[in-house]
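Structure file upload_37.tsv; described as TSV, C-alpha atoms.
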```
chain	number	residue	atom	x	y	z
T	2	MET	CA	-24.62	-15.51	-11.16
T	3	LYS	CA	-21.42	-14.68	-12.96
T	4	LEU	CA	-19.55	-14.06	-9.69
T	5	PHE	CA	-19.90	-17.75	-8.83
T	6	LYS	CA	-18.98	-19.05	-12.27
T	7	ASN	CA	-15.84	-17.15	-13.17
T	8	THR	CA	-12.85	-16.16	-11.12
T	9	LEU	CA	-13.12	-12.53	-10.09
T	10	ASP	CA	-10.32	-10.21	-11.20
T	11	PRO	CA	-8.23	-9.66	-8.03
T	12	MET	CA	-7.82	-6.04	-9.09
T	13	ILE	CA	-11.59	-5.51	-8.70
T	14	ALA	CA	-11.69	-7.49	-5.45
T	15	LEU	CA	-8.86	-5.53	-3.84
T	16	THR	CA	-10.20	-2.17	-5.01
T	17	LEU	CA	-13.53	-2.95	-3.34
T	18	ILE	CA	-11.80	-4.21	-0.20
T	19	ALA	CA	-9.69	-1.03	-0.02
T	20	VAL	CA	-12.77	1.22	-0.27
T	21	LEU	CA	-14.60	-0.80	2.39
T	22	ASP	CA	-11.49	-0.72	4.59
T	23	ILE	CA	-11.59	3.10	4.50
T	24	PHE	CA	-15.17	3.00	5.83
T	25	LEU	CA	-14.15	0.52	8.52
T	26	PHE	CA	-11.23	2.80	9.44
T	27	LEU	CA	-13.66	5.68	9.95
T	28	LEU	CA	-16.06	3.64	12.08
T	29	VAL	CA	-14.01	1.21	14.19
T	30	GLY	CA	-10.49	0.87	12.81
T	31	ALA	CA	-8.64	-0.55	9.80
T	32	TRP	CA	-8.84	-4.20	8.74
T	33	THR	CA	-6.73	-6.50	10.88
T	34	VAL	CA	-6.68	-10.20	11.62
T	35	GLY	CA	-3.93	-10.96	14.15
T	36	GLY	CA	-5.61	-9.22	17.09
T	37	GLY	CA	-8.83	-11.15	16.61
T	38	GLU	CA	-6.89	-14.39	16.32
T	39	THR	CA	-5.08	-13.64	19.58
T	40	MET	CA	-8.39	-13.04	21.31
T	41	ILE	CA	-9.73	-16.34	19.92
T	42	THR	CA	-6.60	-18.04	21.29
T	43	GLY	CA	-7.26	-16.46	24.69
T	44	LEU	CA	-10.95	-17.43	24.71
T	45	VAL	CA	-10.18	-21.03	23.74
T	46	ALA	CA	-7.40	-21.23	26.34
T	47	GLU	CA	-9.81	-19.87	28.94
T	48	LEU	CA	-12.29	-22.58	28.00
T	49	PHE	CA	-9.67	-25.21	28.80
T	50	MET	CA	-7.85	-23.56	31.68
T	51	GLY	CA	-10.56	-21.48	33.35
T	52	ASP	CA	-9.24	-19.02	35.92
T	53	GLU	CA	-5.76	-20.54	35.64
T	54	LEU	CA	-5.27	-18.50	32.44
T	55	ALA	CA	-5.34	-15.22	34.36
T	56	ARG	CA	-2.18	-16.34	36.13
T	57	ILE	CA	-0.25	-15.93	32.89
T	58	PRO	CA	0.48	-12.16	32.89
T	59	PHE	CA	0.11	-11.79	29.11
T	60	TRP	CA	-3.61	-12.62	29.32
T	61	ASN	CA	-4.02	-9.99	32.00
T	62	LEU	CA	-1.86	-7.13	30.77
T	63	VAL	CA	-1.95	-7.39	26.98
T	64	PHE	CA	-5.03	-9.39	25.96
T	65	LYS	CA	-7.78	-9.97	28.49
T	66	PRO	CA	-10.10	-12.56	26.93
T	67	ASP	CA	-13.19	-10.68	25.77
T	68	ALA	CA	-15.79	-12.10	23.37
T	69	GLY	CA	-16.97	-8.56	22.56
T	70	TYR	CA	-13.72	-7.69	20.76
T	71	TRP	CA	-14.77	-6.62	17.25
T	72	LYS	CA	-11.66	-7.96	15.50
T	73	ILE	CA	-12.72	-11.54	16.26
T	74	TYR	CA	-15.75	-11.08	14.03
T	75	ILE	CA	-13.69	-10.02	11.03
T	76	SER	CA	-12.07	-13.45	11.10
T	77	LEU	CA	-15.35	-15.29	11.59
T	78	GLY	CA	-16.86	-13.19	8.80
T	79	MET	CA	-14.03	-14.11	6.43
T	80	LEU	CA	-14.62	-17.79	7.18
T	81	PHE	CA	-18.36	-17.36	6.59
T	82	GLY	CA	-17.91	-15.35	3.37
T	83	ALA	CA	-15.46	-17.93	2.04
T	84	ILE	CA	-17.82	-20.82	2.81
T	85	VAL	CA	-20.65	-19.00	1.00
T	86	GLY	CA	-18.41	-18.25	-1.98
T	87	ALA	CA	-17.05	-21.79	-2.15
T	88	VAL	CA	-20.43	-23.52	-1.78
T	89	LEU	CA	-22.24	-21.31	-4.32
T	90	SER	CA	-19.47	-21.77	-6.87
T	91	LYS	CA	-19.25	-25.51	-6.13
T	92	GLU	CA	-15.65	-25.20	-5.00
T	93	PHE	CA	-16.20	-26.55	-1.52
T	94	TYR	CA	-14.59	-29.93	-0.92
T	95	LEU	CA	-12.19	-31.38	1.60
T	96	ARG	CA	-8.58	-31.11	0.56
T	97	LEU	CA	-5.93	-32.89	2.57
T	98	PRO	CA	-2.19	-32.29	2.29
T	99	ARG	CA	-0.80	-35.56	0.94
T	100	ARG	CA	2.83	-35.71	1.93
T	101	LEU	CA	4.29	-35.70	5.41
T	102	SER	CA	6.66	-32.89	4.38
T	103	GLU	CA	3.62	-30.67	3.67
T	104	TRP	CA	2.20	-31.33	7.13
T	105	VAL	CA	5.56	-30.47	8.69
T	106	MET	CA	5.89	-27.26	6.67
T	107	ILE	CA	2.34	-26.17	7.51
T	108	THR	CA	2.85	-26.89	11.21
T	109	ALA	CA	6.12	-24.95	11.34
T	110	GLY	CA	4.60	-22.18	9.23
T	111	GLY	CA	1.57	-21.82	11.49
T	112	LEU	CA	3.72	-21.68	14.61
T	113	LEU	CA	6.01	-19.05	13.08
T	114	MET	CA	3.06	-16.95	11.97
T	115	GLY	CA	1.38	-17.03	15.38
T	116	PHE	CA	4.59	-16.34	17.27
T	117	GLY	CA	5.61	-13.59	14.82
T	118	ILE	CA	2.25	-11.81	14.94
T	119	ARG	CA	2.38	-11.56	18.73
T	120	LEU	CA	5.99	-10.49	18.84
T	121	ALA	CA	5.28	-7.75	16.30
T	122	PHE	CA	1.82	-6.73	17.60
T	123	VAL	CA	0.77	-6.80	13.95
T	124	CYS	CA	-0.02	-9.28	11.19
T	125	ASN	CA	0.45	-9.03	7.44
T	126	VAL	CA	-3.00	-7.49	7.02
T	127	SER	CA	-2.41	-4.62	9.42
T	128	THR	CA	1.03	-4.17	7.83
T	129	PHE	CA	-0.24	-3.73	4.26
T	130	PHE	CA	-3.83	-2.56	4.82
T	131	GLY	CA	-3.51	-0.55	8.04
T	132	LEU	CA	-0.16	0.66	9.29
T	133	THR	CA	1.65	1.40	6.04
T	134	PRO	CA	-1.23	3.34	4.46
T	135	GLN	CA	-1.39	5.37	7.70
T	136	MET	CA	2.35	5.94	7.17
T	137	ASN	CA	3.02	4.47	10.59
T	138	LEU	CA	6.71	3.80	11.12
T	139	GLY	CA	5.72	0.31	12.28
T	140	GLY	CA	4.41	-0.44	8.78
T	141	TYR	CA	7.81	0.19	7.19
T	142	LEU	CA	9.57	-1.83	9.89
T	143	ALA	CA	7.10	-4.66	9.40
T	144	ILE	CA	7.39	-4.57	5.59
T	145	SER	CA	11.17	-4.80	5.75
T	146	GLY	CA	10.76	-7.81	8.04
T	147	ILE	CA	8.12	-9.59	5.96
T	148	LEU	CA	10.04	-9.08	2.69
T	149	ALA	CA	13.20	-10.57	4.20
T	150	GLY	CA	11.16	-13.37	5.76
T	151	ALA	CA	9.31	-14.15	2.52
T	152	TRP	CA	12.67	-14.27	0.74
T	153	VAL	CA	14.14	-16.72	3.25
T	154	GLY	CA	10.88	-18.71	3.24
T	155	SER	CA	10.92	-18.87	-0.57
T	156	TRP	CA	14.50	-20.09	-0.45
T	157	ILE	CA	13.60	-22.89	1.99
T	158	TYR	CA	10.48	-23.71	-0.05
T	159	LYS	CA	12.55	-23.99	-3.22
T	160	LYS	CA	15.10	-26.23	-1.50
T	161	ILE	CA	12.33	-28.53	-0.29
T	162	LEU	CA	10.61	-28.56	-3.70
T	163	GLU	CA	13.88	-29.41	-5.45
T	164	GLY	CA	15.11	-31.65	-2.67
Q	4	MET	CA	-20.88	2.82	18.55
Q	5	SER	CA	-21.99	-0.03	20.83
Q	6	VAL	CA	-19.94	-3.19	21.19
Q	7	VAL	CA	-22.61	-5.26	19.43
Q	8	ALA	CA	-22.79	-2.82	16.52
Q	9	GLU	CA	-18.98	-2.93	16.19
Q	10	CYS	CA	-19.01	-6.72	16.12
Q	11	ILE	CA	-21.83	-6.86	13.55
Q	12	LEU	CA	-20.07	-4.33	11.36
Q	13	ALA	CA	-16.82	-6.29	11.62
Q	14	PHE	CA	-18.64	-9.49	10.71
Q	15	ILE	CA	-20.25	-7.91	7.63
Q	16	PHE	CA	-16.92	-6.46	6.53
Q	17	GLY	CA	-15.23	-9.84	7.07
Q	18	SER	CA	-17.92	-11.68	5.14
Q	19	VAL	CA	-17.59	-9.44	2.10
Q	20	VAL	CA	-13.81	-9.70	2.24
Q	21	GLY	CA	-13.98	-13.49	2.60
Q	22	LEU	CA	-16.29	-13.74	-0.41
Q	23	LEU	CA	-14.17	-11.40	-2.56
Q	24	VAL	CA	-10.91	-13.14	-1.64
Q	25	GLN	CA	-12.42	-16.59	-2.22
Q	26	ARG	CA	-13.77	-15.62	-5.65
Q	27	SER	CA	-10.64	-13.78	-6.78
Q	28	ARG	CA	-8.07	-16.20	-5.31
Q	29	PHE	CA	-6.15	-13.21	-4.05
Q	30	CYS	CA	-3.37	-14.19	-1.69
Q	31	ASN	CA	-1.00	-11.90	0.17
Q	32	THR	CA	1.56	-14.70	0.49
Q	33	ALA	CA	1.49	-15.28	-3.26
Q	34	ALA	CA	1.84	-11.52	-3.83
Q	35	LEU	CA	5.28	-11.68	-2.23
Q	36	ARG	CA	6.36	-15.27	-2.88
Q	37	ASP	CA	5.43	-15.43	-6.58
Q	38	ALA	CA	7.13	-12.11	-7.27
Q	39	MET	CA	10.33	-13.39	-5.66
Q	40	LEU	CA	10.27	-17.01	-6.77
Q	41	PHE	CA	8.53	-17.04	-10.15
Q	42	LYS	CA	8.61	-13.37	-11.22
Q	43	THR	CA	4.84	-13.36	-11.67
Q	44	TYR	CA	2.79	-10.48	-10.31
Q	45	ARG	CA	-0.90	-11.45	-10.51
Q	46	ASN	CA	-1.35	-10.80	-6.77
Q	47	THR	CA	1.34	-8.15	-6.33
Q	48	LYS	CA	-0.35	-5.57	-8.57
Q	49	PRO	CA	-3.74	-5.55	-6.80
Q	50	LEU	CA	-1.94	-5.36	-3.45
Q	51	LEU	CA	-0.12	-2.21	-4.62
Q	52	ILE	CA	-3.34	-0.67	-5.97
Q	53	ALA	CA	-5.13	-1.34	-2.66
Q	54	MET	CA	-2.25	0.24	-0.76
Q	55	MET	CA	-2.41	3.35	-2.97
Q	56	ILE	CA	-6.17	3.73	-2.46
Q	57	LEU	CA	-5.79	3.18	1.28
Q	58	THR	CA	-2.90	5.60	1.60
Q	59	PHE	CA	-5.02	8.28	-0.03
Q	60	GLY	CA	-8.11	7.54	2.06
Q	61	PHE	CA	-6.35	7.16	5.38
Q	62	THR	CA	-4.03	10.16	5.08
Q	63	LEU	CA	-6.88	12.33	3.77
Q	64	PHE	CA	-9.04	11.59	6.81
Q	65	LEU	CA	-6.06	11.79	9.17
Q	66	THR	CA	-5.48	15.31	7.86
Q	67	PHE	CA	-8.86	16.29	9.32
Q	68	GLY	CA	-8.36	14.25	12.47
Q	69	GLU	CA	-10.91	11.63	11.38
Q	70	GLY	CA	-10.62	7.86	11.44
Q	71	LYS	CA	-9.32	5.44	14.01
Q	72	ALA	CA	-5.62	5.04	13.34
Q	73	MET	CA	-3.68	2.20	14.92
Q	74	HIS	CA	-1.98	3.69	17.92
Q	75	PHE	CA	0.89	1.91	19.63
Q	76	ASP	CA	4.65	2.24	19.92
Q	77	VAL	CA	6.70	0.41	17.33
Q	78	GLY	CA	10.21	-0.94	17.40
Q	79	LEU	CA	12.52	-3.72	16.39
Q	80	ASN	CA	9.91	-6.30	17.37
Q	81	GLN	CA	7.97	-5.40	14.19
Q	82	VAL	CA	10.98	-6.29	12.05
Q	83	VAL	CA	11.78	-9.56	13.81
Q	84	GLY	CA	8.14	-10.58	14.25
Q	85	LEU	CA	7.20	-10.06	10.61
Q	86	PHE	CA	10.46	-11.71	9.52
Q	87	LEU	CA	9.36	-14.88	11.34
Q	88	PHE	CA	5.85	-14.38	9.99
Q	89	GLY	CA	7.22	-14.05	6.43
Q	90	ILE	CA	9.04	-17.37	6.65
Q	91	GLY	CA	5.98	-18.97	8.22
Q	92	MET	CA	3.50	-17.77	5.62
Q	93	VAL	CA	5.57	-19.14	2.72
Q	94	LEU	CA	6.03	-22.50	4.46
Q	95	ALA	CA	2.35	-22.71	5.33
Q	96	GLY	CA	1.38	-21.46	1.86
Q	97	ALA	CA	-1.10	-19.02	3.39
Q	98	CYS	CA	-1.26	-15.82	5.40
Q	99	THR	CA	-3.77	-14.72	8.02
Q	100	VAL	CA	-6.46	-14.03	5.41
Q	101	SER	CA	-5.98	-17.07	3.22
Q	102	THR	CA	-5.89	-19.49	6.17
Q	103	TRP	CA	-9.46	-18.41	7.03
Q	104	VAL	CA	-10.58	-18.31	3.41
Q	105	LYS	CA	-9.03	-21.65	2.45
Q	106	ALA	CA	-10.37	-23.20	5.65
Q	107	GLY	CA	-13.80	-22.06	4.44
Q	108	GLU	CA	-13.21	-23.92	1.15
Q	109	GLY	CA	-12.62	-27.15	3.05
Q	110	ASN	CA	-8.82	-27.04	2.98
Q	111	VAL	CA	-7.68	-29.12	5.95
Q	112	GLY	CA	-4.08	-27.91	5.61
Q	113	ALA	CA	-5.28	-24.31	6.11
Q	114	MET	CA	-7.27	-25.35	9.18
Q	115	TRP	CA	-4.14	-27.02	10.50
Q	116	ALA	CA	-2.11	-23.84	9.84
Q	117	LEU	CA	-4.74	-21.82	11.68
Q	118	LEU	CA	-4.66	-24.19	14.65
Q	119	PHE	CA	-0.90	-23.84	14.91
Q	120	THR	CA	-1.11	-20.07	14.51
Q	121	PHE	CA	-3.16	-20.15	17.73
Q	122	VAL	CA	-0.62	-22.49	19.33
Q	123	GLY	CA	2.20	-20.14	18.28
Q	124	MET	CA	0.36	-17.21	19.83
Q	125	PHE	CA	-0.13	-19.10	23.06
Q	126	LEU	CA	3.55	-20.07	23.18
Q	127	PHE	CA	4.46	-16.41	22.71
Q	128	SER	CA	2.15	-15.44	25.56
Q	129	LEU	CA	4.20	-17.71	27.84
Q	130	LEU	CA	7.48	-16.20	26.66
Q	131	TRP	CA	6.12	-12.66	27.06
Q	132	SER	CA	5.04	-13.45	30.58
Q	133	ALA	CA	8.65	-14.35	31.36
Q	134	ASN	CA	10.37	-11.24	29.97
Q	135	TYR	CA	7.63	-8.60	29.34
Q	136	TRP	CA	9.04	-7.62	25.96
Q	137	PRO	CA	7.88	-5.90	23.78
Q	138	PRO	CA	6.35	-3.42	26.28
Q	139	ALA	CA	2.64	-3.81	27.03
Q	140	PRO	CA	0.32	-1.17	25.48
Q	141	ALA	CA	-0.35	0.31	28.94
Q	142	SER	CA	3.33	1.21	29.37
Q	143	MET	CA	3.70	2.82	25.93
Q	144	THR	CA	4.47	6.53	25.92
Q	145	GLY	CA	4.62	7.38	22.23
Q	146	GLU	CA	8.22	8.50	22.70
Q	147	PRO	CA	11.33	6.51	21.71
Q	148	ASN	CA	12.51	4.07	24.36
Q	149	PHE	CA	15.76	2.77	22.96
Q	150	GLU	CA	16.50	0.60	25.96
Q	151	ALA	CA	13.44	-1.48	25.05
Q	152	LEU	CA	14.29	-1.15	21.33
Q	153	GLN	CA	11.18	0.99	20.82
Q	154	PHE	CA	11.02	4.00	18.51
Q	155	GLY	CA	7.72	5.48	19.66
Q	156	PHE	CA	4.66	6.42	17.64
Q	157	ILE	CA	4.93	8.11	14.25
Q	158	ASN	CA	2.34	8.24	11.47
Q	159	ALA	CA	1.06	10.66	8.82
Q	160	ARG	CA	-0.85	12.63	11.47
Q	161	THR	CA	2.11	13.07	13.84
Q	162	LEU	CA	4.13	14.23	10.81
Q	163	GLN	CA	1.43	16.84	10.14
Q	164	ASP	CA	1.43	17.97	13.76
Q	165	LYS	CA	5.21	18.33	13.74
Q	166	THR	CA	5.71	19.98	10.36
Q	167	GLY	CA	2.40	21.71	9.66
Q	168	ILE	CA	2.29	19.98	6.28
Q	169	PRO	CA	-1.06	18.17	5.76
Q	170	ALA	CA	-0.91	14.38	6.26
Q	171	VAL	CA	-2.39	13.84	2.82
Q	172	ALA	CA	0.66	15.54	1.23
Q	173	PHE	CA	2.87	12.87	2.78
Q	174	GLY	CA	0.34	10.35	1.54
Q	175	MET	CA	0.78	11.65	-2.01
Q	176	VAL	CA	4.52	11.05	-1.81
Q	177	GLN	CA	3.89	7.46	-0.70
Q	178	ILE	CA	1.34	6.93	-3.49
Q	179	PHE	CA	3.90	8.19	-5.99
Q	180	LEU	CA	6.53	5.75	-4.67
Q	181	LEU	CA	4.07	2.84	-4.74
Q	182	GLY	CA	3.19	3.92	-8.29
Q	183	LEU	CA	6.85	3.69	-9.26
Q	184	ILE	CA	6.99	0.08	-8.03
Q	185	TYR	CA	3.79	-0.62	-9.96
Q	186	ARG	CA	5.27	0.87	-13.12
Q	187	ALA	CA	8.45	-1.18	-12.73
Q	188	ILE	CA	6.33	-4.35	-12.53
Q	189	LEU	CA	4.40	-3.39	-15.70
Q	190	LYS	CA	7.69	-2.82	-17.52
Q	191	LYS	CA	9.01	-6.17	-16.34
Q	192	GLU	CA	5.82	-7.86	-17.53
Q	193	GLN	CA	6.12	-6.18	-20.92
Q	194	ALA	CA	9.67	-7.44	-21.25
Q	195	GLN	CA	8.53	-10.95	-20.28
Q	196	GLN	CA	5.72	-10.79	-22.85
Q	197	LEU	CA	8.14	-9.64	-25.54
Q	198	GLN	CA	10.48	-12.51	-24.78
Q	199	HIS	CA	7.56	-14.91	-24.81
Q	200	ASP	CA	6.33	-13.61	-28.18
Q	201	LEU	CA	9.83	-13.84	-29.61
Q	202	ALA	CA	10.21	-17.43	-28.50
Q	203	ALA	CA	6.77	-18.28	-29.91
Q	204	ALA	CA	7.62	-16.65	-33.25
Q	205	LYS	CA	10.89	-18.57	-33.42
Q	206	HIS	CA	9.11	-21.80	-32.68
Q	207	GLN	CA	6.53	-21.06	-35.37
Q	208	ALA	CA	9.19	-20.22	-37.95
Q	209	LYS	CA	10.97	-23.44	-37.10
Q	210	SER	CA	7.89	-25.63	-37.49
Q	211	ALA	CA	6.93	-23.79	-40.69
Q	212	GLY	CA	10.43	-24.52	-42.01
Q	213	THR	CA	10.17	-28.24	-41.29
Q	214	GLY	CA	6.70	-28.28	-42.87
Q	215	ASN	CA	8.10	-27.01	-46.18
Q	216	SER	CA	10.92	-29.44	-46.54
```

Before anything else, please render the file you have as structure tokens.
Amino acid sequence: MKLFKNTLDPMIALTLIAVLDIFLFLLVGAWTVGGGETMITGLVAELFMGDELARIPFWNLVFKPDAGYWKIYISLGMLFGAIVGAVLSKEFYLRLPRRLSEWVMITAGGLLMGFGIRLAFVCNVSTFFGLTPQMNLGGYLAISGILAGAWVGSWIYKKILEG
Amino acid sequence: MSVVAECILAFIFGSVVGLLVQRSRFCNTAALRDAMLFKTYRNTKPLLIAMMILTFGFTLFLTFGEGKAMHFDVGLNQVVGLFLFGIGMVLAGACTVSTWVKAGEGNVGAMWALLFTFVGMFLFSLLWSANYWPPAPASMTGEPNFEALQFGFINARTLQDKTGIPAVAFGMVQIFLLGLIYRAILKKEQAQQLQHDLAAAKHQAKSAGTGNS
């Protein structure tokens, strides 16, 4: 199948995603990732901590661990779809970051992303594919933040690449 | 819709998105980073197109009161949170979508980024439990609460309710503005192409010249 031989034009991919996202918006809500990830965090923490977790107010008042939260399954679906795509196109293989600096950057980056998503109540997906197209004020606030952040991040990235 | 149906639907949507993103190598991080760092727009253009389609679809349905819009108060925490997120995604080389997709390709770095995204979320949950900011959804009123640096809830539908102008009309204005950004990128690419062609022509003329002598 051609789809698994050649790279798909991102313009086609994103057009399809946008149309599907409109259907999802009508049925359950627009595409988002951060909320599902938070719920996964809560469920995993509950696995380790048991009832102790409920003593942290956040997991009581903002996100009560619930495996029936639909947003979780968007994330799991993306993982599944990517595995299928990668295996069928023979692009699945283990890739390890080589340098220590990469590991450090990825660790710091992951922490900043997780912390930022929760502080903002939104991730990049809900910013670009949910809030802003709904003309929610939060979308414009989030875009101004992410543009400034990406600029600072690019500056640091460049320094490290050159350094 | 039942909980199970919602989850199945979300899984199907996610799977298609994961497949399309994996096959197209689309990346939201690259859409911003490459435009800023390398002045290339392979990922920026499809992002803008998707936003235009979505703006039309969402505001059209919001006009008729359809669709499930995100509903919560917004404030300065969106700016600061996404600022931190923006730095993080460039450092990690992946955003929320590409961490899942690259993890599915066997990229251990992406799995590591994902793991620490969860750790970051858990750390925030501890901080939140100490100061209760930003306000929990249950205490949101939809009105500005400047003491908590919250501006309330505003979207295309609330604009329609306030002004009587259909939400989709506001959507059209946004599509036009996104279109202007898109056009500016096309012009920039044309200028880059022209410069590239010029340099290539010069190089060719030079090598032709040396060939003759």

Legend entry - Given all atoms listed in the file as the counted atoms, nearest of Q:Asp200, Q:Glu108, Q:Glu150, Q:Glu192 to Leu80 in chain T: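 Ranked by minimum distance to Leu80 in chain T, first place goes to Q:Glu108.
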
Inset, instruction - Tell me, in Å to one decimal, how far CA of Ala31 in chain T is from CA of Leu12 in chain Q. - result: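 CA of Leu12 in chain Q lies 12.1 Å from CA of Ala31 in chain T.
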
Inset, instruction - Write out as a PyMOL selection string the residues lying within 12 Å of Ala34 in chain Q, counting only C-alpha atoms and excluding same-chain residues fewer than 3 positions away. - result: (chain T and resi 11+125+129+147-148+151) or (chain Q and resi 28-31+37-51+89+92-93+96-98+101)

Prev. selection, C-alpha atoms, output as a short mmCIF file (atom, residue, chain, number, x, y, z; two decimals), in the frame of the given file:
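Written file, again-v3.cif:
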```
data_model
loop_
_atom_site.label_atom_id
_atom_site.label_comp_id
_atom_site.auth_asym_id
_atom_site.auth_seq_id
_atom_site.Cartn_x
_atom_site.Cartn_y
_atom_site.Cartn_z
CA PRO T 11 -8.23 -9.66 -8.03
CA ASN T 125 0.45 -9.03 7.44
CA PHE T 129 -0.24 -3.73 4.26
CA ILE T 147 8.12 -9.59 5.96
CA LEU T 148 10.04 -9.08 2.69
CA ALA T 151 9.31 -14.15 2.52
CA ARG Q 28 -8.07 -16.20 -5.31
CA PHE Q 29 -6.15 -13.21 -4.05
CA CYS Q 30 -3.37 -14.19 -1.69
CA ASN Q 31 -1.00 -11.90 0.17
CA ASP Q 37 5.43 -15.43 -6.58
CA ALA Q 38 7.13 -12.11 -7.27
CA MET Q 39 10.33 -13.39 -5.66
CA LEU Q 40 10.27 -17.01 -6.77
CA PHE Q 41 8.53 -17.04 -10.15
CA LYS Q 42 8.61 -13.37 -11.22
CA THR Q 43 4.84 -13.36 -11.67
CA TYR Q 44 2.79 -10.48 -10.31
CA ARG Q 45 -0.90 -11.45 -10.51
CA ASN Q 46 -1.35 -10.80 -6.77
CA THR Q 47 1.34 -8.15 -6.33
CA LYS Q 48 -0.35 -5.57 -8.57
CA PRO Q 49 -3.74 -5.55 -6.80
CA LEU Q 50 -1.94 -5.36 -3.45
CA LEU Q 51 -0.12 -2.21 -4.62
CA GLY Q 89 7.22 -14.05 6.43
CA MET Q 92 3.50 -17.77 5.62
CA VAL Q 93 5.57 -19.14 2.72
CA GLY Q 96 1.38 -21.46 1.86
CA ALA Q 97 -1.10 -19.02 3.39
CA CYS Q 98 -1.26 -15.82 5.40
CA SER Q 101 -5.98 -17.07 3.22
#
```

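Distances from T:Phe26, T:Lys3, T:Arg100, T:Leu48 to chain Q were compared using only C-alpha atoms, and the smallest one belongs to T:Phe26.
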
Inset, instruction - Find, counting only C-alpha atoms, the residue in Q:Val122, Q:Met114, Q:Leu197, Q:Ala33 that gets nearest to chain T. - result: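 For chain T, the nearest of the candidates is Q:Val122.
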
Inset, instruction - Would you kindly report the residues of chain Q within 6 Å of chain T, using all atoms listed in the file, as a ChimeraX atom specification? - result: /Q:9-10,13-14,17-18,21-23,25-27,29,49,53,57-58,61,70-71,77,80-82,84-95,103-104,107-112,116,119-121,123-124,127-128,132,139,157-159

Take the residues just selected and output them with C-alpha atoms as an mmCIF file, in the coordinates of the input.
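Contents of again_6.cif, as written:
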```
data_model
loop_
_atom_site.group_PDB
_atom_site.id
_atom_site.type_symbol
_atom_site.label_atom_id
_atom_site.label_comp_id
_atom_site.auth_asym_id
_atom_site.auth_seq_id
_atom_site.Cartn_x
_atom_site.Cartn_y
_atom_site.Cartn_z
ATOM 1 C CA GLU Q 9 -18.980 -2.930 16.190
ATOM 2 C CA CYS Q 10 -19.010 -6.720 16.120
ATOM 3 C CA ALA Q 13 -16.820 -6.290 11.620
ATOM 4 C CA PHE Q 14 -18.640 -9.490 10.710
ATOM 5 C CA GLY Q 17 -15.230 -9.840 7.070
ATOM 6 C CA SER Q 18 -17.920 -11.680 5.140
ATOM 7 C CA GLY Q 21 -13.980 -13.490 2.600
ATOM 8 C CA LEU Q 22 -16.290 -13.740 -0.410
ATOM 9 C CA LEU Q 23 -14.170 -11.400 -2.560
ATOM 10 C CA GLN Q 25 -12.420 -16.590 -2.220
ATOM 11 C CA ARG Q 26 -13.770 -15.620 -5.650
ATOM 12 C CA SER Q 27 -10.640 -13.780 -6.780
ATOM 13 C CA PHE Q 29 -6.150 -13.210 -4.050
ATOM 14 C CA PRO Q 49 -3.740 -5.550 -6.800
ATOM 15 C CA ALA Q 53 -5.130 -1.340 -2.660
ATOM 16 C CA LEU Q 57 -5.790 3.180 1.280
ATOM 17 C CA THR Q 58 -2.900 5.600 1.600
ATOM 18 C CA PHE Q 61 -6.350 7.160 5.380
ATOM 19 C CA GLY Q 70 -10.620 7.860 11.440
ATOM 20 C CA LYS Q 71 -9.320 5.440 14.010
ATOM 21 C CA VAL Q 77 6.700 0.410 17.330
ATOM 22 C CA ASN Q 80 9.910 -6.300 17.370
ATOM 23 C CA GLN Q 81 7.970 -5.400 14.190
ATOM 24 C CA VAL Q 82 10.980 -6.290 12.050
ATOM 25 C CA GLY Q 84 8.140 -10.580 14.250
ATOM 26 C CA LEU Q 85 7.200 -10.060 10.610
ATOM 27 C CA PHE Q 86 10.460 -11.710 9.520
ATOM 28 C CA LEU Q 87 9.360 -14.880 11.340
ATOM 29 C CA PHE Q 88 5.850 -14.380 9.990
ATOM 30 C CA GLY Q 89 7.220 -14.050 6.430
ATOM 31 C CA ILE Q 90 9.040 -17.370 6.650
ATOM 32 C CA GLY Q 91 5.980 -18.970 8.220
ATOM 33 C CA MET Q 92 3.500 -17.770 5.620
ATOM 34 C CA VAL Q 93 5.570 -19.140 2.720
ATOM 35 C CA LEU Q 94 6.030 -22.500 4.460
ATOM 36 C CA ALA Q 95 2.350 -22.710 5.330
ATOM 37 C CA TRP Q 103 -9.460 -18.410 7.030
ATOM 38 C CA VAL Q 104 -10.580 -18.310 3.410
ATOM 39 C CA GLY Q 107 -13.800 -22.060 4.440
ATOM 40 C CA GLU Q 108 -13.210 -23.920 1.150
ATOM 41 C CA GLY Q 109 -12.620 -27.150 3.050
ATOM 42 C CA ASN Q 110 -8.820 -27.040 2.980
ATOM 43 C CA VAL Q 111 -7.680 -29.120 5.950
ATOM 44 C CA GLY Q 112 -4.080 -27.910 5.610
ATOM 45 C CA ALA Q 116 -2.110 -23.840 9.840
ATOM 46 C CA PHE Q 119 -0.900 -23.840 14.910
ATOM 47 C CA THR Q 120 -1.110 -20.070 14.510
ATOM 48 C CA PHE Q 121 -3.160 -20.150 17.730
ATOM 49 C CA GLY Q 123 2.200 -20.140 18.280
ATOM 50 C CA MET Q 124 0.360 -17.210 19.830
ATOM 51 C CA PHE Q 127 4.460 -16.410 22.710
ATOM 52 C CA SER Q 128 2.150 -15.440 25.560
ATOM 53 C CA SER Q 132 5.040 -13.450 30.580
ATOM 54 C CA ALA Q 139 2.640 -3.810 27.030
ATOM 55 C CA ILE Q 157 4.930 8.110 14.250
ATOM 56 C CA ASN Q 158 2.340 8.240 11.470
ATOM 57 C CA ALA Q 159 1.060 10.660 8.820
#
```

Legend entry - Gln163 in chain Q environment, 12 Å, only C-alpha atoms, sequence neighbours closer than 4 positions dropped, as an NGL selection string: (:T and (136)) or (:Q and (62-63 or 65-68 or 157-159 or 167-174))
